[in-house]
Structures are given as structure tokens and as C-alpha cells.
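Asker: One file: run_28.txt (compact mmCIF, C-alpha atoms).
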# COMPACT_ATOMS: atom_id res chain seq x y z
CA MET J 1 -116.00 -48.04 0.63
CA PRO J 2 -113.10 -48.73 -1.80
CA LEU J 3 -109.97 -46.60 -1.65
CA ALA J 4 -109.71 -43.91 -4.30
CA SER J 5 -107.30 -44.65 -7.14
CA PRO J 6 -104.00 -42.68 -7.32
CA PHE J 7 -105.41 -40.71 -10.26
CA ARG J 8 -108.55 -39.87 -8.31
CA ARG J 9 -106.50 -38.70 -5.33
CA LEU J 10 -104.32 -36.55 -7.63
CA ALA J 11 -107.38 -34.98 -9.23
CA LEU J 12 -108.68 -34.04 -5.79
CA LEU J 13 -105.32 -32.63 -4.74
CA LEU J 14 -104.59 -30.41 -7.78
CA PRO J 15 -107.06 -27.62 -6.89
CA VAL J 16 -105.55 -27.49 -3.41
CA LEU J 17 -102.00 -27.21 -4.77
CA ALA J 18 -103.02 -24.49 -7.21
CA ALA J 19 -104.31 -22.38 -4.34
CA LEU J 20 -101.08 -22.56 -2.39
CA PRO J 21 -98.60 -19.63 -2.47
CA PHE J 22 -95.21 -19.79 -4.18
CA PRO J 23 -92.92 -22.62 -3.08
CA ALA J 24 -90.20 -21.70 -0.59
CA ALA J 25 -87.61 -21.39 -3.37
CA ALA J 26 -89.68 -18.71 -5.08
CA GLN J 27 -90.00 -16.77 -1.84
CA GLU J 28 -86.21 -16.45 -1.90
CA LEU J 29 -86.33 -14.78 -5.32
CA ARG J 30 -83.47 -12.38 -5.99
CA ILE J 31 -84.26 -9.43 -8.26
CA LEU J 32 -81.35 -7.69 -9.99
CA THR J 33 -81.01 -4.64 -12.18
CA GLU J 34 -78.50 -1.93 -13.05
CA GLU J 35 -78.34 1.86 -13.28
CA LEU J 36 -79.86 2.36 -16.74
CA PRO J 37 -81.98 5.51 -16.65
CA PRO J 38 -84.79 6.06 -17.39
CA TYR J 39 -85.50 2.30 -17.27
CA ASN J 40 -83.87 1.57 -13.89
CA MET J 41 -82.25 4.11 -11.59
CA THR J 42 -81.79 5.05 -7.97
CA GLN J 43 -83.39 8.31 -6.80
CA ASN J 44 -83.41 9.37 -3.16
CA GLY J 45 -82.35 5.89 -2.14
CA GLN J 46 -85.21 4.20 -4.01
CA VAL J 47 -85.04 2.12 -7.19
CA THR J 48 -87.38 3.58 -9.81
CA GLY J 49 -87.71 4.07 -13.56
CA LEU J 50 -90.00 2.79 -16.30
CA GLY J 51 -88.73 -0.80 -16.24
CA THR J 52 -88.69 -0.88 -12.45
CA GLU J 53 -92.27 0.31 -12.08
CA VAL J 54 -93.49 -2.27 -14.59
CA VAL J 55 -91.61 -5.01 -12.70
CA GLN J 56 -93.05 -3.78 -9.41
CA ALA J 57 -96.55 -3.92 -10.89
CA VAL J 58 -95.89 -7.49 -12.05
CA LEU J 59 -94.57 -8.44 -8.59
CA LYS J 60 -97.72 -7.06 -6.99
CA GLU J 61 -99.94 -8.94 -9.44
CA ALA J 62 -97.97 -12.14 -8.77
CA GLY J 63 -98.43 -11.73 -5.03
CA MET J 64 -94.85 -10.68 -4.29
CA GLY J 65 -95.22 -6.92 -3.92
CA GLY J 66 -92.52 -5.31 -1.80
CA THR J 67 -89.77 -7.75 -2.81
CA ALA J 68 -86.40 -5.93 -2.66
CA ILE J 69 -84.58 -5.00 -5.87
CA GLN J 70 -80.77 -4.97 -5.88
CA VAL J 71 -78.84 -2.60 -8.16
CA LEU J 72 -75.45 -3.87 -9.37
CA PRO J 73 -73.01 -3.15 -12.19
CA TRP J 74 -74.43 -4.90 -15.25
CA ALA J 75 -71.63 -7.46 -15.67
CA ARG J 76 -72.07 -8.59 -12.06
CA ALA J 77 -75.86 -8.81 -12.26
CA TYR J 78 -75.62 -10.67 -15.57
CA ASP J 79 -73.13 -13.20 -14.16
CA ILE J 80 -75.35 -13.92 -11.15
CA ALA J 81 -78.39 -14.40 -13.37
CA LEU J 82 -76.43 -16.78 -15.57
CA ASN J 83 -75.24 -18.99 -12.73
CA ASP J 84 -77.57 -18.79 -9.72
CA GLU J 85 -81.06 -20.10 -9.07
CA ASN J 86 -84.23 -18.06 -8.57
CA VAL J 87 -82.87 -14.84 -10.08
CA LEU J 88 -84.97 -12.28 -11.95
CA ILE J 89 -83.04 -9.74 -14.04
CA TYR J 90 -84.29 -6.65 -15.90
CA SER J 91 -84.21 -4.51 -18.11
CA ILE J 92 -82.46 -6.99 -20.41
CA ALA J 93 -82.26 -7.07 -24.20
CA ARG J 94 -83.38 -10.36 -25.69
CA THR J 95 -80.71 -11.18 -28.26
CA PRO J 96 -79.90 -14.37 -30.20
CA GLN J 97 -76.78 -14.85 -28.04
CA ARG J 98 -78.90 -14.77 -24.88
CA GLU J 99 -81.98 -16.65 -26.07
CA LYS J 100 -81.14 -20.00 -24.45
CA LEU J 101 -79.39 -18.52 -21.42
CA PHE J 102 -82.54 -17.32 -19.64
CA LYS J 103 -86.22 -18.06 -19.18
CA TRP J 104 -87.91 -15.03 -20.74
CA VAL J 105 -91.00 -13.42 -19.22
CA GLY J 106 -91.78 -10.63 -21.69
CA VAL J 107 -91.21 -7.05 -22.79
CA ILE J 108 -91.40 -4.33 -20.12
CA ALA J 109 -90.24 -1.24 -22.05
CA PRO J 110 -89.58 -0.09 -25.64
CA THR J 111 -86.08 0.42 -26.99
CA HIS J 112 -84.14 1.22 -30.17
CA TRP J 113 -80.37 0.90 -30.49
CA TYR J 114 -77.96 3.21 -32.33
CA LEU J 115 -74.34 4.12 -32.76
CA PHE J 116 -74.25 7.78 -31.74
CA SER J 117 -71.70 10.39 -32.77
CA LEU J 118 -71.23 14.05 -31.88
CA SER J 119 -73.19 16.38 -34.15
CA GLU J 120 -70.24 18.72 -34.52
CA ARG J 121 -67.91 16.02 -35.89
CA ARG J 122 -70.06 14.71 -38.75
CA LEU J 123 -68.19 11.43 -39.12
CA PRO J 124 -68.55 9.59 -42.46
CA VAL J 125 -70.27 6.63 -40.77
CA LYS J 126 -73.41 5.23 -42.36
CA THR J 127 -73.01 1.49 -41.79
CA LEU J 128 -71.62 -0.82 -39.13
CA GLU J 129 -68.75 -1.61 -41.48
CA ASP J 130 -67.83 2.10 -41.61
CA ALA J 131 -67.62 2.09 -37.80
CA ARG J 132 -64.82 -0.47 -37.61
CA ARG J 133 -62.09 2.13 -38.02
CA TYR J 134 -63.33 4.23 -35.10
CA GLN J 135 -63.22 3.94 -31.31
CA ILE J 136 -66.59 2.99 -29.82
CA ALA J 137 -67.69 3.36 -26.18
CA THR J 138 -69.45 0.30 -24.73
CA VAL J 139 -70.58 -1.04 -21.34
CA ASN J 140 -69.08 -4.24 -20.00
CA GLU J 141 -71.18 -7.27 -21.04
CA ASP J 142 -74.24 -5.25 -22.00
CA ALA J 143 -76.21 -6.08 -25.15
CA GLY J 144 -74.49 -3.40 -27.22
CA GLU J 145 -71.00 -4.64 -26.41
CA GLN J 146 -71.99 -8.29 -26.91
CA TYR J 147 -73.54 -7.37 -30.26
CA LEU J 148 -70.41 -5.62 -31.53
CA VAL J 149 -68.11 -8.39 -30.30
CA ALA J 150 -70.28 -10.91 -32.16
CA LYS J 151 -69.84 -8.76 -35.28
CA GLY J 152 -66.03 -8.98 -34.99
CA PHE J 153 -65.24 -5.80 -33.04
CA GLN J 154 -62.66 -6.21 -30.27
CA ILE J 155 -62.41 -4.76 -26.77
CA GLY J 156 -59.15 -2.87 -26.53
CA LEU J 157 -58.89 -2.47 -30.29
CA ASN J 158 -61.97 -0.58 -31.46
CA LEU J 159 -64.14 -0.96 -28.36
CA GLN J 160 -63.58 0.91 -25.09
CA SER J 161 -65.52 -0.83 -22.32
CA SER J 162 -66.63 0.77 -19.04
CA ASN J 163 -68.89 -0.13 -16.12
CA ARG J 164 -71.21 2.89 -16.15
CA TYR J 165 -73.34 4.23 -18.99
CA GLU J 166 -72.82 7.88 -18.14
CA LEU J 167 -69.05 7.51 -18.60
CA ASN J 168 -69.57 6.76 -22.27
CA TYR J 169 -71.21 10.07 -23.10
CA GLU J 170 -68.40 11.78 -21.20
CA LYS J 171 -65.90 9.90 -23.37
CA LEU J 172 -67.75 10.88 -26.53
CA ARG J 173 -68.08 14.54 -25.55
CA GLY J 174 -64.43 14.66 -24.46
CA GLY J 175 -63.15 13.22 -27.75
CA ARG J 176 -61.80 10.02 -26.18
CA VAL J 177 -64.05 7.91 -28.43
CA ASP J 178 -65.65 8.57 -31.80
CA LEU J 179 -68.89 6.64 -31.38
CA TRP J 180 -71.13 5.45 -28.57
CA ILE J 181 -73.45 2.44 -28.70
CA SER J 182 -76.59 2.90 -26.65
CA ASN J 183 -80.32 2.44 -26.64
CA GLU J 184 -82.11 5.63 -27.52
CA LEU J 185 -83.97 6.41 -24.29
CA ASN J 186 -80.87 5.93 -22.16
CA ALA J 187 -78.77 8.06 -24.49
CA MET J 188 -81.24 10.95 -24.57
CA TYR J 189 -81.59 10.86 -20.79
CA LEU J 190 -77.82 10.93 -20.18
CA VAL J 191 -77.24 13.74 -22.68
CA ARG J 192 -79.87 15.85 -20.91
CA GLN J 193 -78.42 14.98 -17.49
CA ALA J 194 -75.08 16.30 -18.74
CA GLY J 195 -76.75 19.63 -19.53
CA ASP J 196 -76.83 19.20 -23.31
CA ASP J 197 -79.63 19.19 -25.86
CA PRO J 198 -79.81 15.78 -27.57
CA ALA J 199 -81.19 17.33 -30.77
CA ARG J 200 -78.06 19.47 -31.09
CA SER J 201 -75.38 17.37 -29.41
CA VAL J 202 -75.61 13.87 -30.87
CA LEU J 203 -76.47 12.16 -34.14
CA ARG J 204 -77.94 8.72 -34.68
CA ALA J 205 -75.13 7.63 -36.97
CA VAL J 206 -76.17 4.00 -37.49
CA ALA J 207 -79.49 2.36 -36.57
CA LEU J 208 -78.91 -1.14 -35.21
CA THR J 209 -82.24 -2.68 -36.13
CA ASP J 210 -81.05 -6.24 -35.58
CA LEU J 211 -79.98 -5.66 -31.97
CA GLY J 212 -82.40 -7.13 -29.42
CA SER J 213 -86.11 -7.70 -29.65
CA GLU J 214 -88.00 -5.26 -31.85
CA ALA J 215 -90.56 -4.92 -29.09
CA GLY J 216 -88.14 -3.70 -26.41
CA LEU J 217 -86.35 -4.66 -23.20
CA ASP J 218 -87.43 -7.70 -21.20
CA MET J 219 -87.51 -9.24 -17.76
CA ALA J 220 -86.06 -12.75 -17.54
CA PHE J 221 -85.29 -15.50 -15.04
CA SER J 222 -82.17 -17.56 -14.53
CA LEU J 223 -82.41 -21.07 -15.99
CA ARG J 224 -82.37 -22.57 -12.50
CA THR J 225 -85.76 -21.06 -11.66
CA PRO J 226 -88.84 -23.32 -11.50
CA ASP J 227 -91.03 -23.13 -14.61
CA ALA J 228 -94.08 -22.59 -12.40
CA VAL J 229 -92.58 -19.36 -11.08
CA VAL J 230 -91.74 -18.13 -14.57
CA GLU J 231 -95.23 -18.92 -15.83
CA ARG J 232 -96.81 -17.10 -12.89
CA PHE J 233 -94.82 -13.98 -13.79
CA ARG J 234 -95.73 -14.30 -17.47
CA LYS J 235 -99.40 -14.35 -16.58
CA ALA J 236 -98.93 -11.41 -14.19
CA LEU J 237 -97.24 -9.36 -16.95
CA GLU J 238 -100.08 -10.21 -19.34
CA THR J 239 -102.57 -8.97 -16.74
CA VAL J 240 -100.62 -5.73 -16.19
CA LYS J 241 -100.73 -5.12 -19.94
CA LYS J 242 -104.42 -5.93 -20.25
CA ASN J 243 -105.65 -3.87 -17.28
CA GLY J 244 -104.09 -0.59 -18.43
CA THR J 245 -101.25 -0.40 -15.88
CA TYR J 246 -98.53 -0.93 -18.49
CA GLU J 247 -99.92 1.75 -20.81
CA SER J 248 -100.22 4.26 -18.01
CA LEU J 249 -96.60 3.70 -16.95
CA GLN J 250 -95.44 4.18 -20.55
CA LYS J 251 -97.23 7.52 -20.66
CA LYS J 252 -95.71 8.53 -17.32
CA TRP J 253 -92.10 7.89 -18.36
CA LEU J 254 -91.98 8.42 -22.14
Do you think you could lay out the structure here as C-alpha cells?

Answerer:
Amino acid sequence: MPLASPFRRLALLLPVLAALPFPAAAQELRILTEELPPYNMTQNGQVTGLGTEVVQAVLKEAGMGGTAIQVLPWARAYDIALNDENVLIYSIARTPQREKLFKWVGVIAPTHWYLFSLSERRLPVKTLEDARRYQIATVNEDAGEQYLVAKGFQIGLNLQSSNRYELNYEKLRGGRVDLWISNELNAMYLVRQAGDDPARSVLRAVALTDLGSEAGLDMAFSLRTPDAVVERFRKALETVKKNGTYESLQKKWL
């Protein structure tokens, strides 16, 4: 009997390869996030939140349920995802500056970005240009800070950068800054956590409709992650959205 051709042998092998679990590199996947309630946050020693629960559902669907999630300051998590292999980072805004820096999986939560001001101050700010003469609270290397820097704002001049989101509402409430850039869900959550009523305490001074994806915050992989791993997660996220899990988590948290 003649030997099978290389193409024949490959055709026979492909179904076997497809049935195998993730390669070893994927098993060493590192998952990073930050404290960004209600998307990602630590409660009673456990990482939870809307974005986290969607990611956990995707992990389960992809056959990696139970994989540990590490919470770091955003700038640190972002740097690791930029430079290391096999890193998954969430909840991350998909911006033009970041488009080619990551392998994007898809949207895991809705978001809208604003410059917020205190209701009692009524600042004459209606556009981003108006905001240039004021002090704005940002978070180190997050999408809001990167967006403003790209628009010509400068850290130390009209931007005050910090490592924790909750510090920025404290700065705004204490009069140390005039404006605060934040996504809406995070801002409303932090205002309530501080004991204030968002409807009475803050104003959406400027809507930043060109910041991030219109659909929301994403999960993404570092560039040095195998395409097969990324594609497996994309398909898992699609399944989570089609089977009703995603919708039910939105209703739980929003």
C-alpha cells in the first residue's frame, strides 16, 4: 500500500489537533484588571463586577474557568499587557491610540465618557476647548488621560494624574480640581460610595463621544499571544452573548 502524501497526512491530523486543549503557552495565561467599579472590583477578597463576570463566563466557555485574575494599578497592568506574552487585560477602552497595540476580543460592558463638574459650581464649560483653562482629574495611563493628552492637555499643567479612581472624586468634591474625566458608570458608583447623590452632586459638563468604542469597554490580549488563543476567546464571547448570559449579567449590574 503506498504511503499517504504529506497533504493526506495533514488532512487526517487536523481533526485531532482541533480536539486538543490549549497549547501550554495558553495555559499560562495571565489575566489582569484594575479597581474600576462597577466593572471590576474586589469585594470580600474576591474579584467581581460586571466586566469580571462577563470575562469569567467567557473563560468558562473557553474551557479555562477558574483561572486567577490579578488586580493591579492600571498603569502597571497596561504596561504588562503591552510588553509580555499571553496577557489578557480588561475592562479596556478601545481607542485609536490603542488599536494596534493589542489583539481585541470584543465588548464586555457599555460605557459613556464625560467631563464631570460639581453641580454647585456651574462652570461655563460646554466644549473640550472650554476645559483647557481648568484643572482636570485623571488616572495614570487610563483612556481618559490618554485621550486628553492626545488633544494637547498636559499632565502637571491642566491635568492632575492619580493612581486610583476614587481619589479623583475626592479632589473634585474638595475643590482641588475643577473637572473630572470618567466613564459614566464608574463616576455614578463612586459618587454614591462617597455618600452623595449623583443627580444632585455632579454635572455631565462635556460628553466625550469620540472617546473609545461606542459599544463599550473591551477585553484584549497582548500582541505576543497566539492568534488561536485570541480566536478561541472571540468565539467564546460570541457564544456568551448568543446564549443569554451576557444579557442577564447586564441586567444584574446595570

Asker: So how many Å separate atom CA of J:Pro198 and atom CA of J:Ser117, to one decimal?

Answerer: 11.0 Å

Asker: Which is closer to J:Arg30 than all the others in J:Glu61, J:Phe233, J:Asp197, J:Gln70, using all atoms listed in the file?

Answerer: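 Closest residue, counting all atoms listed in the file: J:Gln70.
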
Asker: Which residue gives the smallest distance to J:Leu50 among J:Ala109, J:Ile92, J:Val191, J:Ala81, with all atoms listed in the file counted?

Answerer: J:Ala109

Asker: So that I can check the surroundings of J:Tyr246, please list as a ChimeraX atom specification every protein, DNA and RNA residue that reaches within 10 Å of it, counting all atoms listed in the file and ignoring chain neighbours fewer than 3 positions away.

Answerer: /J:50,53-55,57-58,108-109,237-243,249-252

Asker: One number please: atom CA of J:Ala199 to atom CA of J:Asn140, in Å, one decimal.

Answerer: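 Calculated distance between atom CA of J:Ala199 and atom CA of J:Asn140 is 27.0 Å.
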
Asker: To one decimal place, how far is atom CA of J:Leu179 from atom CA of J:Phe116 in Å?

Answerer: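 Computed distance, atom CA of J:Leu179 to atom CA of J:Phe116, equals 5.5 Å.
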
Asker: Calculated over all atoms listed in the file, which of the candidates J:Pro110, J:Gly66, J:Gly174, J:Pro226 has the smallest distance to J:Pro38?

Answerer: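 Ranked by minimum distance to J:Pro38, first place goes to J:Pro110.
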
Asker: Using all atoms listed in the file, which protein or nucleic acid residues come within 10 Å of J:Lys126? Drop anything in the same chain fewer than 3 positions from it, and give the result as a list in words.

Answerer: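 Everything that qualifies: Leu115, Leu123, Glu129, Asp130, Ala131, Arg204, Ala205, Val206 and Ala207 of chain J.
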
Asker: Which of these, J:Asp196, J:Arg76, J:Tyr90, J:Arg122, has the shortest distance to J:Trp104 once you count all atoms listed in the file?

Answerer: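 Ranked by minimum distance to J:Trp104, first place goes to J:Tyr90.
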